[in-house]
Amino acid sequence: MKCPYCKENRDKVIDSRSSEAGRVIRRRRQCLACNRRFTTYEKAGESFKLSVIKKDNSRLPYDRDRVIAGLQKACYKRSVSAEQIQQIADKVEEDIFRHSDKEVTSKFIGESAMKQLRAVDKVAYIRFASVYRQFTDAGELISEVTQAILEPDDVDQPKLFTD
């Protein structure tokens, strides 16, 4: 691996860690020429692409960044760290890859994200649910808030929502 600072091709690995639910290896390296440290990420090449089936039955390639963007909007000005958002996205991906190998519905992704958000921050959960479920009146929103407050968090058992 070439050093990004001095461009020498001599380094040693100081630390290796798994990241993104085990699909990426993060390596901390030190250049033997200039002694500066840098980080590299290694990811296995994917032989297939996961497709997301949207509500209108169109299909898009799965994009982790879209999941993270939705979570970030829901968590805006909340005490949810960027690391927690990444962990939620990791758990959502684990759910996806545990249940599907080629196609997944956007509904499954949304439900999984809501399940994880609910355990972390109920306000962010309500924000996400209000956009995802497209509440048509205040009564639906009030019902969801009441459920979120009264029911215990149960991350391991996903709640089945009806449309």
# chains A, B, ... in the order shown; residues from 1 in each chain; ligands from 1
call {"tool": "residues_around", "arguments": {"residues": "stretch 4-20 of chain A", "least_positions_apart": "2", "cutoff": "8 Å", "atoms": "only C-alpha atoms", "output": "PDB file with N, CA and C atoms, in the first residue's frame"}}
result
ATOM      1  N   MET A   1       0.858  -1.175   0.000  1.00  0.00           N
ATOM      2  CA  MET A   1       0.000   0.000   0.000  1.00  0.00           C
ATOM      3  C   MET A   1       0.900   1.232   0.000  1.00  0.00           C
ATOM      4  N   LYS A   2       0.667   2.127  -0.937  1.00  0.00           N
ATOM      5  CA  LYS A   2       1.473   3.351  -1.003  1.00  0.00           C
ATOM      6  C   LYS A   2       1.047   4.328   0.075  1.00  0.00           C
ATOM      7  N   GLY A  22     -19.024  -6.433   9.506  1.00  0.00           N
ATOM      8  CA  GLY A  22     -18.095  -7.470   9.088  1.00  0.00           C
ATOM      9  C   GLY A  22     -17.803  -7.529   7.606  1.00  0.00           C
ATOM     10  N   ARG A  23     -18.359  -6.611   6.827  1.00  0.00           N
ATOM     11  CA  ARG A  23     -18.141  -6.631   5.380  1.00  0.00           C
ATOM     12  C   ARG A  23     -16.935  -5.793   4.959  1.00  0.00           C
ATOM     13  N   VAL A  24     -16.370  -5.034   5.883  1.00  0.00           N
ATOM     14  CA  VAL A  24     -15.219  -4.186   5.573  1.00  0.00           C
ATOM     15  C   VAL A  24     -14.175  -4.375   6.667  1.00  0.00           C
ATOM     16  N   ILE A  25     -12.922  -4.396   6.278  1.00  0.00           N
ATOM     17  CA  ILE A  25     -11.820  -4.450   7.240  1.00  0.00           C
ATOM     18  C   ILE A  25     -11.133  -3.085   7.246  1.00  0.00           C
ATOM     19  N   ARG A  26     -11.036  -2.490   8.428  1.00  0.00           N
ATOM     20  CA  ARG A  26     -10.357  -1.205   8.595  1.00  0.00           C
ATOM     21  C   ARG A  26      -8.959  -1.505   9.113  1.00  0.00           C
ATOM     22  N   ARG A  27      -7.956  -1.018   8.409  1.00  0.00           N
ATOM     23  CA  ARG A  27      -6.570  -1.256   8.825  1.00  0.00           C
ATOM     24  C   ARG A  27      -5.871   0.071   9.087  1.00  0.00           C
ATOM     25  N   ARG A  28      -5.254   0.157  10.242  1.00  0.00           N
ATOM     26  CA  ARG A  28      -4.434   1.317  10.591  1.00  0.00           C
ATOM     27  C   ARG A  28      -3.004   0.939  10.234  1.00  0.00           C
ATOM     28  N   ARG A  29      -2.349   1.757   9.403  1.00  0.00           N
ATOM     29  CA  ARG A  29      -1.008   1.445   8.912  1.00  0.00           C
ATOM     30  C   ARG A  29      -0.022   2.551   9.291  1.00  0.00           C
ATOM     31  N   GLN A  30       1.245   2.170   9.334  1.00  0.00           N
ATOM     32  CA  GLN A  30       2.312   3.139   9.572  1.00  0.00           C
ATOM     33  C   GLN A  30       3.360   2.973   8.480  1.00  0.00           C
ATOM     34  N   CYS A  31       3.683   4.084   7.839  1.00  0.00           N
ATOM     35  CA  CYS A  31       4.693   4.075   6.784  1.00  0.00           C
ATOM     36  C   CYS A  31       6.069   3.876   7.427  1.00  0.00           C
ATOM     37  N   LEU A  32       6.847   2.962   6.860  1.00  0.00           N
ATOM     38  CA  LEU A  32       8.186   2.708   7.397  1.00  0.00           C
ATOM     39  C   LEU A  32       9.200   3.744   6.924  1.00  0.00           C
ATOM     40  N   ALA A  33       8.856   4.521   5.901  1.00  0.00           N
ATOM     41  CA  ALA A  33       9.765   5.550   5.393  1.00  0.00           C
ATOM     42  C   ALA A  33       9.613   6.858   6.159  1.00  0.00           C
ATOM     43  N   CYS A  34       8.358   7.350   6.301  1.00  0.00           N
ATOM     44  CA  CYS A  34       8.158   8.656   6.940  1.00  0.00           C
ATOM     45  C   CYS A  34       7.530   8.555   8.333  1.00  0.00           C
ATOM     46  N   ARG A  36       4.559   8.191   9.262  1.00  0.00           N
ATOM     47  CA  ARG A  36       3.205   8.726   9.423  1.00  0.00           C
ATOM     48  C   ARG A  36       2.205   7.589   9.347  1.00  0.00           C
ATOM     49  N   PHE A  38      -1.773   6.098   8.544  1.00  0.00           N
ATOM     50  CA  PHE A  38      -2.950   6.306   7.700  1.00  0.00           C
ATOM     51  C   PHE A  38      -3.850   5.086   7.796  1.00  0.00           C
ATOM     52  N   GLN A  86     -24.482   5.016  12.123  1.00  0.00           N
ATOM     53  CA  GLN A  86     -23.777   3.961  11.385  1.00  0.00           C
ATOM     54  C   GLN A  86     -24.135   2.584  11.941  1.00  0.00           C
ATOM     55  N   GLN A  87     -24.226   2.481  13.261  1.00  0.00           N
ATOM     56  CA  GLN A  87     -24.579   1.201  13.884  1.00  0.00           C
ATOM     57  C   GLN A  87     -26.000   0.785  13.523  1.00  0.00           C
ATOM     58  N   ASP A  90     -25.881  -0.475  10.073  1.00  0.00           N
ATOM     59  CA  ASP A  90     -25.308  -1.824  10.093  1.00  0.00           C
ATOM     60  C   ASP A  90     -26.366  -2.868  10.457  1.00  0.00           C
TER      61      ASP A  90
END
call {"tool": "atom_distance", "arguments": {"atom1": "atom CA of A:Tyr62", "atom2": "atom CA of A:Leu50"}}
result
5.5 Å
call {"tool": "closest_residue", "arguments": {"among": "A:Ala82, A:Glu93, A:Ile88, A:Cys3", "to": "A:Arg118", "atoms": "only C-alpha atoms"}}
result
A:Ile88
call {"tool": "residues_around", "arguments": {"residues": "A:Arg66", "least_positions_apart": "4", "cutoff": "12 Å", "atoms": "only C-alpha atoms", "output": "tab-separated table (two decimals) with C-alpha atoms, in the first residue's frame"}}
result
chain	number	residue	atom	x	y	z
A	52	VAL	CA	-34.77	-2.58	-3.69
A	60	LEU	CA	-33.29	0.44	-7.69
A	61	PRO	CA	-29.87	-0.81	-6.60
A	62	TYR	CA	-29.52	-0.90	-2.80
A	70	GLY	CA	-32.95	9.04	5.99
A	71	LEU	CA	-31.65	8.25	9.46
A	72	GLN	CA	-29.72	11.53	9.59
A	73	LYS	CA	-32.84	13.53	8.71
A	89	ALA	CA	-27.47	1.24	9.35
A	106	SER	CA	-38.42	-0.68	0.64
A	109	ILE	CA	-35.93	-1.58	4.97
A	110	GLY	CA	-38.17	1.11	6.48
A	113	ALA	CA	-34.90	1.18	10.38
call {"tool": "residues_around", "arguments": {"residues": "A:Lys54", "least_positions_apart": "4", "cutoff": "9 Å", "atoms": "only C-alpha atoms", "output": "list of chain:residue names"}}
result
A:Ser58, A:Arg59, A:Leu60, A:Val104, A:Thr105, A:Ser106, A:Lys107
call {"tool": "atom_distance", "arguments": {"atom1": "atom CA of A:Lys102", "atom2": "atom CA of A:Ser51"}}
result
6.2 Å
call {"tool": "closest_residue", "arguments": {"among": "A:Ala74, A:Ala69, A:Val92, A:Ile142", "to": "A:Val123", "atoms": "only C-alpha atoms"}}
result
A:Ala74
call {"tool": "atom_distance", "arguments": {"atom1": "atom CA of A:Arg78", "atom2": "atom CA of A:Leu117"}}
result
11.8 Å
call {"tool": "select_by_dssp", "arguments": {"residues": "stretch 46-114 of chain A", "states": "strand (DSSP E)", "output": "list in words"}}
result
Ser51, Val52, Ile53, Arg59, Leu60, Pro61, Glu103, Val104 and Thr105 of chain A
call {"tool": "write_last_selection", "arguments": {"atoms": "N, CA and C atoms", "output": "mmCIF file, in the first residue's frame"}}
result
data_model
loop_
_atom_site.group_PDB
_atom_site.id
_atom_site.type_symbol
_atom_site.label_atom_id
_atom_site.label_comp_id
_atom_site.auth_asym_id
_atom_site.auth_seq_id
_atom_site.Cartn_x
_atom_site.Cartn_y
_atom_site.Cartn_z
ATOM 1 N N SER A 51 -31.232 -5.507 -5.091
ATOM 2 C CA SER A 51 -32.203 -4.562 -5.631
ATOM 3 C C SER A 51 -33.266 -4.263 -4.590
ATOM 4 N N VAL A 52 -33.701 -3.009 -4.577
ATOM 5 C CA VAL A 52 -34.767 -2.584 -3.686
ATOM 6 C C VAL A 52 -36.035 -2.422 -4.517
ATOM 7 N N ILE A 53 -37.103 -3.083 -4.084
ATOM 8 C CA ILE A 53 -38.392 -2.956 -4.762
ATOM 9 C C ILE A 53 -39.164 -1.844 -4.064
ATOM 10 N N ARG A 59 -37.556 -0.872 -9.424
ATOM 11 C CA ARG A 59 -36.402 -1.437 -8.726
ATOM 12 C C ARG A 59 -35.205 -0.513 -8.852
ATOM 13 N N LEU A 60 -34.507 -0.358 -7.740
ATOM 14 C CA LEU A 60 -33.285 0.437 -7.690
ATOM 15 C C LEU A 60 -32.206 -0.386 -7.017
ATOM 16 N N PRO A 61 -30.943 -0.129 -7.342
ATOM 17 C CA PRO A 61 -29.870 -0.810 -6.604
ATOM 18 C C PRO A 61 -29.873 -0.343 -5.138
ATOM 19 N N GLU A 103 -33.263 -9.408 -3.713
ATOM 20 C CA GLU A 103 -34.226 -8.312 -3.709
ATOM 21 C C GLU A 103 -34.802 -8.118 -2.316
ATOM 22 N N VAL A 104 -35.101 -6.876 -1.992
ATOM 23 C CA VAL A 104 -35.719 -6.538 -0.718
ATOM 24 C C VAL A 104 -36.692 -5.396 -0.978
ATOM 25 N N THR A 105 -37.793 -5.373 -0.246
ATOM 26 C CA THR A 105 -38.749 -4.287 -0.434
ATOM 27 C C THR A 105 -38.328 -3.071 0.382
#
